[in-house]
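Q: Following this line is run_34.csv, made up of CSV, C-alpha atoms:
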chain,number,residue,atom,x,y,z
A,1,ILE,CA,115.5,133.0,89.8
A,2,TYR,CA,113.6,130.5,87.7
A,3,VAL,CA,114.4,127.8,90.1
A,4,LEU,CA,113.3,129.9,93.0
A,5,ALA,CA,110.0,130.6,91.2
A,6,GLY,CA,109.5,126.9,90.5
A,7,ASN,CA,110.2,126.0,94.1
A,8,TYR,CA,107.7,128.5,95.3
A,9,LEU,CA,105.0,127.3,93.0
A,10,GLN,CA,105.5,123.8,94.3
A,11,SER,CA,104.4,125.0,97.7
A,12,LEU,CA,101.0,125.8,96.2
A,13,ASP,CA,98.2,123.4,95.2
A,14,TRP,CA,99.8,122.6,91.9
A,15,HIS,CA,98.3,119.2,91.4
A,16,ASN,CA,94.8,120.7,91.2
A,17,ASP,CA,95.8,123.6,89.0
A,18,PRO,CA,97.2,122.8,85.5
A,19,ASP,CA,98.4,126.4,85.1
A,20,ILE,CA,100.6,126.2,88.1
A,21,MET,CA,101.9,122.8,86.9
A,22,LYS,CA,102.7,124.3,83.5
A,23,ASN,CA,104.6,127.2,85.0
A,24,ILE,CA,106.6,125.0,87.3
A,25,ILE,CA,107.7,122.9,84.3
A,26,GLN,CA,108.5,126.0,82.2
A,27,PHE,CA,110.5,127.7,85.0
A,28,TYR,CA,112.6,124.6,85.6
A,29,SER,CA,113.1,124.1,81.9
A,30,LYS,CA,114.2,127.7,81.4
A,31,ALA,CA,116.7,127.2,84.2
A,32,LYS,CA,117.8,123.8,82.7
A,33,ALA,CA,117.2,122.4,86.2
A,34,HIS,CA,117.0,118.8,85.1
A,35,ASP,CA,117.2,117.5,88.6
A,36,LYS,CA,114.3,119.6,89.7
A,37,LEU,CA,112.3,118.5,86.7
A,38,ALA,CA,113.1,114.8,87.5
A,39,THR,CA,111.9,115.3,91.1
A,40,PHE,CA,108.8,117.2,90.0
A,41,TYR,CA,107.7,114.5,87.5
A,42,ASP,CA,108.3,111.9,90.1
A,43,ALA,CA,105.9,113.8,92.4
A,44,CYS,CA,103.4,114.0,89.6
A,45,ALA,CA,103.5,110.2,89.3
A,46,GLN,CA,102.9,109.8,93.0
A,47,VAL,CA,99.8,112.1,92.7
A,48,GLU,CA,98.4,109.9,89.9
A,49,ILE,CA,98.9,106.8,92.1
A,50,ASP,CA,97.8,108.1,95.5
A,51,GLU,CA,94.9,110.3,94.4
A,52,TYR,CA,93.6,108.7,91.2
A,53,ARG,CA,95.0,105.1,91.1
A,54,ASP,CA,96.0,105.9,87.5
A,55,TYR,CA,99.1,103.8,86.9
A,56,ASP,CA,99.2,104.6,83.1
A,57,LYS,CA,99.6,108.3,83.8
A,58,ALA,CA,102.0,107.5,86.6
A,59,TRP,CA,104.1,105.5,84.1
A,60,GLU,CA,104.1,108.5,81.7
A,61,ALA,CA,105.3,110.9,84.4
A,62,LEU,CA,108.0,108.5,85.6
A,63,ARG,CA,109.3,108.2,82.1
A,64,GLU,CA,109.6,112.0,82.0
A,65,SER,CA,111.3,111.9,85.4
A,66,LEU,CA,113.8,109.3,84.0
A,67,LYS,CA,114.5,111.5,81.0
A,68,TYR,CA,115.5,114.5,83.1
A,69,LEU,CA,117.3,112.5,85.7
A,70,ALA,CA,119.5,111.0,83.0
A,71,LYS,CA,120.2,114.6,81.7
A,72,ALA,CA,121.0,115.7,85.3
A,73,VAL,CA,123.4,112.8,85.8
A,74,GLY,CA,125.1,113.1,82.4
A,75,ALA,CA,127.7,110.7,81.1
A,76,GLY,CA,127.4,107.2,82.5
A,77,ALA,CA,123.8,107.7,83.6
A,78,GLU,CA,122.9,104.1,82.9
A,79,ASN,CA,125.3,103.1,85.7
A,80,ASN,CA,123.9,105.6,88.2
A,81,PRO,CA,122.1,103.8,91.1
A,82,ASN,CA,119.3,106.5,91.2
A,83,VAL,CA,118.7,106.0,87.5
A,84,GLN,CA,118.7,102.2,87.9
A,85,ASN,CA,116.3,102.5,90.8
A,86,LEU,CA,113.9,104.7,88.8
A,87,GLN,CA,114.1,102.3,85.9
A,88,HIS,CA,113.1,99.4,88.2
A,89,ARG,CA,110.1,101.4,89.6
A,90,ILE,CA,109.0,102.3,86.0
A,91,GLY,CA,109.1,98.6,85.2
A,92,LEU,CA,106.9,97.7,88.2
A,93,VAL,CA,104.4,100.5,87.4
A,94,GLU,CA,104.2,99.5,83.8
A,95,ARG,CA,103.7,95.8,84.7
A,96,PHE,CA,100.9,96.6,87.1
A,97,ALA,CA,99.2,99.0,84.7
A,98,SER,CA,99.3,96.4,81.9
A,99,ILE,CA,98.0,93.5,84.0
A,100,ARG,CA,95.1,95.5,85.3
A,101,LYS,CA,93.7,95.4,81.8
A,102,LEU,CA,93.7,91.5,81.8
A,103,SER,CA,90.9,90.9,84.2
A,104,LYS,CA,88.6,89.9,81.3
A,105,SER,CA,91.0,88.8,78.5
A,106,ASP,CA,93.4,86.8,80.7
A,107,PRO,CA,92.3,86.7,84.3
A,108,SER,CA,94.5,83.8,85.3
A,109,GLU,CA,97.6,85.8,84.2
A,110,MET,CA,96.3,88.9,86.1
A,111,VAL,CA,95.8,86.9,89.3
A,112,SER,CA,99.2,85.2,88.9
A,113,VAL,CA,101.1,88.5,88.5
A,114,CYS,CA,99.2,90.2,91.3
A,115,GLU,CA,100.1,87.3,93.6
A,116,GLN,CA,103.8,87.6,92.6
A,117,MET,CA,103.8,91.3,93.1
A,118,VAL,CA,102.3,91.3,96.6
A,119,ASP,CA,105.2,89.2,97.8
A,120,MET,CA,107.9,91.5,96.3
A,121,PRO,CA,109.8,93.1,99.2
A,122,ASP,CA,110.2,96.4,97.5
A,123,ILE,CA,106.8,96.6,95.7
A,124,ASP,CA,105.5,99.5,97.8
A,125,SER,CA,108.3,101.7,96.4
A,126,ALA,CA,106.5,101.7,93.1
A,127,VAL,CA,103.0,100.2,93.4
A,128,ARG,CA,100.7,100.5,96.4
A,129,ILE,CA,100.2,97.0,97.7
A,130,GLY,CA,96.7,97.9,98.7
A,131,ASP,CA,95.9,98.6,95.0
A,132,ILE,CA,97.2,95.1,94.1
A,133,PHE,CA,95.0,93.5,96.7
A,134,ALA,CA,92.1,95.7,95.6
A,135,GLN,CA,92.5,94.4,92.0
A,136,LEU,CA,92.2,90.9,93.3
A,137,VAL,CA,89.2,91.7,95.5
A,138,GLU,CA,87.3,93.4,92.8
A,139,TYR,CA,88.0,90.7,90.3
A,140,TYR,CA,86.9,87.9,92.6
A,141,ALA,CA,83.8,89.8,93.6
A,142,GLU,CA,82.9,90.5,90.0
A,143,THR,CA,83.2,86.8,89.2
A,144,GLN,CA,81.1,85.9,92.2
A,145,ASN,CA,84.0,84.1,93.9
A,146,PHE,CA,83.3,85.7,97.2
A,147,ALA,CA,85.3,83.2,99.2
A,148,GLU,CA,88.5,84.3,97.4
A,149,ALA,CA,87.5,87.9,97.6
A,150,TYR,CA,87.1,87.6,101.4
A,151,ARG,CA,90.4,85.8,101.7
A,152,SER,CA,92.1,88.6,99.9
A,153,VAL,CA,90.4,91.1,102.3
A,154,GLU,CA,91.7,89.1,105.2
A,155,ARG,CA,95.2,89.1,103.7
A,156,MET,CA,95.1,92.9,103.5
A,157,ARG,CA,94.1,93.1,107.2
A,158,GLN,CA,96.9,90.7,108.2
A,159,LYS,CA,99.4,93.0,106.5
A,160,GLY,CA,98.0,96.0,108.4
A,161,ILE,CA,96.4,97.6,105.3
A,162,ILE,CA,93.5,100.0,106.0
A,163,LEU,CA,90.7,98.7,103.8
A,164,THR,CA,88.6,101.7,102.9
A,165,PRO,CA,91.1,103.6,100.7
A,166,TYR,CA,91.2,100.6,98.5
A,167,VAL,CA,88.0,98.6,98.7
A,168,ASP,CA,84.6,100.3,98.4
A,169,TYR,CA,82.6,99.8,101.6
A,170,ALA,CA,79.5,98.7,99.8
A,171,LEU,CA,81.5,96.0,98.0
A,172,LEU,CA,83.0,95.0,101.3
A,173,GLN,CA,79.6,94.6,102.8
A,174,THR,CA,78.5,92.5,99.8
A,175,ILE,CA,81.5,90.2,100.1
A,176,CYS,CA,81.1,89.7,103.9
A,177,GLN,CA,77.4,89.0,103.6
A,178,ALA,CA,78.0,86.4,100.9
A,179,VAL,CA,80.4,84.4,103.1
A,180,GLY,CA,78.5,85.0,106.3
A,181,GLN,CA,81.1,87.1,108.0
A,182,PRO,CA,80.8,90.4,109.8
A,183,VAL,CA,82.3,93.4,108.1
A,184,PRO,CA,85.8,93.8,109.5
A,185,PRO,CA,86.9,97.0,111.2
A,186,GLN,CA,88.3,99.5,108.8
A,187,ASP,CA,91.9,99.5,110.1
A,188,GLY,CA,94.2,96.4,109.9
A,189,PRO,CA,95.6,94.8,113.0
A,190,GLY,CA,99.0,96.3,112.4
A,191,GLY,CA,97.7,99.9,111.7
A,192,ALA,CA,97.8,101.8,108.5
A,193,SER,CA,99.9,100.4,105.7
A,194,GLY,CA,99.9,100.2,101.9
A,195,ARG,CA,100.4,103.9,101.5
A,196,GLY,CA,96.8,104.6,102.0
A,197,GLY,CA,94.9,107.7,101.2
A,198,ALA,CA,91.4,108.8,100.2
A,199,ALA,CA,89.6,106.5,97.9
A,200,PRO,CA,90.4,107.7,94.3
A,201,PRO,CA,87.7,109.1,92.1
A,202,ALA,CA,87.1,107.6,88.7
A,203,GLY,CA,89.6,108.7,86.2
A,204,GLY,CA,92.6,110.9,86.5
A,205,GLY,CA,92.9,114.4,87.8
A,206,GLU,CA,94.5,117.7,86.6
A,207,ALA,CA,98.1,116.4,87.0
A,208,GLU,CA,98.2,114.2,84.0
A,209,ASP,CA,96.8,116.8,81.7
A,210,GLU,CA,100.1,118.7,81.7
A,211,ILE,CA,102.4,115.6,81.4
A,212,GLU,CA,101.8,115.0,77.7
A,213,GLU,CA,101.4,118.7,76.9
A,214,GLU,CA,104.9,119.5,78.3
A,215,ASP,CA,106.5,116.3,77.1
A,216,ASP,CA,108.6,118.2,74.5
A,217,VAL,CA,109.6,121.1,76.7
A,218,ASP,CA,113.4,121.5,76.9
A,219,ASN,CA,114.0,118.7,74.3
Turn this file's structure into structure tokens for me.
A:
Amino acid sequence: IYVLAGNYLQSLDWHNDPDIMKNIIQFYSKAKAHDKLATFYDACAQVEIDEYRDYDKAWEALRESLKYLAKAVGAGAENNPNVQNLQHRIGLVERFASIRKLSKSDPSEMVSVCEQMVDMPDIDSAVRIGDIFAQLVEYYAETQNFAEAYRSVERMRQKGIILTPYVDYALLQTICQAVGQPVPPQDGPGGASGRGGAAPPAGGGEAEDEIEEEDDVDN
């Protein structure tokens, strides 16, 4: 019955209500439904990425997901393909979260890693490629290198990435004005890509508030 209760609560607006989140975690923990907890924390990570672009909080949630997935799998979890896939995703999310902090202290490293990541065939399974390009666009614009900023925008469009979920429209106007180009249409030539969504507000949301609080549940 705890699992049924947790399943029902997931049909509600849990990512905007910390009390619902807490109850979901508690119900699954009481039922020792480790697979459900793993899936739920994975969903929390995706909310942090899609709605808030908060890769630090997403990394925390994915680590929780991995902990419960390993419990669900049991002996030999390190050889389980689902566990290995999640470990790979965690590594990519951690890498992107860390390099985002380097725009001032080591910008050349930040640019280098971003350029490597956009060419990874499986990057979108962990990190939105639109967020990687946005990191480059924002860095180049901040350093007044508008030619490179515009080039990054054009690369986004070539990959069919809708611009507005990732690049602020006012910034886009500034970049295009600086290089003497018209503001491009807001959809890429190949349609939507990059796992777009609404432009994230500053800071995280409700979801991350429960991740640390419930970290020790069922330990």
Q: Rank A:Leu92, A:Ala33, A:Cys176, A:Ala5 by their smallest atom-to-atom distance to A:Met117, using only C-alpha atoms, and report the top residue only.
A: A:Leu92
Q: Might you pull out every residue within 10 Å of A:Ala72, with only C-alpha atoms counted and same-chain residues fewer than 6 positions away left off, and present them as JSON, numbers by chain?
A: {"A": [32, 33, 34, 35, 36, 37, 38, 66]}
Q: Excluding same-chain residues fewer than 4 positions from A:Gly130, what lies within 10 Å of it counting all atoms listed in the file, as a list of chain:residue names?
A: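 So, after excluding close chain neighbours, the residues are A:Val118, A:Asp124, A:Ala134, A:Gln135, A:Leu136, A:Val153, A:Met156, A:Lys159, A:Gly160, A:Ile161, A:Ile162, A:Leu163, A:Thr164, A:Pro165, A:Tyr166, A:Val167, A:Ser193, A:Gly194, A:Arg195, A:Gly196.
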Q: Would you work out the distance separating atom CA of A:Lys71 from atom CA of A:Ala58, expressed in Å to one decimal?
A: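 That distance, rounded to one decimal, is 20.1 Å.
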Q: Figure out the distance between atom CA of A:Tyr28 and atom CA of A:Asn82, please, to one decimal in Å.
A: 20.1 Å
Q: Let me make sure I understand: among A:Ala61, A:Ile25, A:Ala147, A:Ile123, which one has the smallest atom-to-atom distance to A:Gln181 if we use all atoms listed in the file?
A: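 Looking at the shortest contact to A:Gln181, the residue is A:Ala147.
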Q: Tell me, in Å to one decimal, how far atom CA of A:Trp59 is from atom CA of A:Glu142.
A: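 Atom-to-atom, atom CA of A:Trp59 and atom CA of A:Glu142 are spaced 26.6 Å apart.
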Q: Using all atoms listed in the file, pick whichever of A:Ser65, A:Thr39, A:Asn7, A:Asn85 has the shortest atom-to-atom distance to A:Ser125.
A: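 So, comparing all the options, the nearest one is A:Asn85.
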Q: Which one of A:Val137, A:Gly6, A:Pro121, A:Glu78 sits closest to A:Met21 if you count all atoms listed in the file?
A: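 Using all atoms listed in the file, the shortest distance to A:Met21 belongs to A:Gly6.
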Q: Give me the residues within 12 Å of A:Lys101 as a list in words, counting all atoms listed in the file and dropping any in the same chain fewer than 4 places off.
A: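 Near neighbours after the sequence-gap exclusion: Tyr55, Asp56, Glu94, Arg95, Phe96, Ala97, Ser105, Asp106, Pro107, Glu109, Met110, Val111, Gln135 and Tyr139 of chain A.
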Q: Nearest residue to A:Ser98 out of A:Thr143, A:Val83, A:Phe133, A:Cys114, using all atoms listed in the file?
A: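 Comparing A:Thr143, A:Val83, A:Phe133, A:Cys114 against A:Ser98, the winner is A:Cys114.
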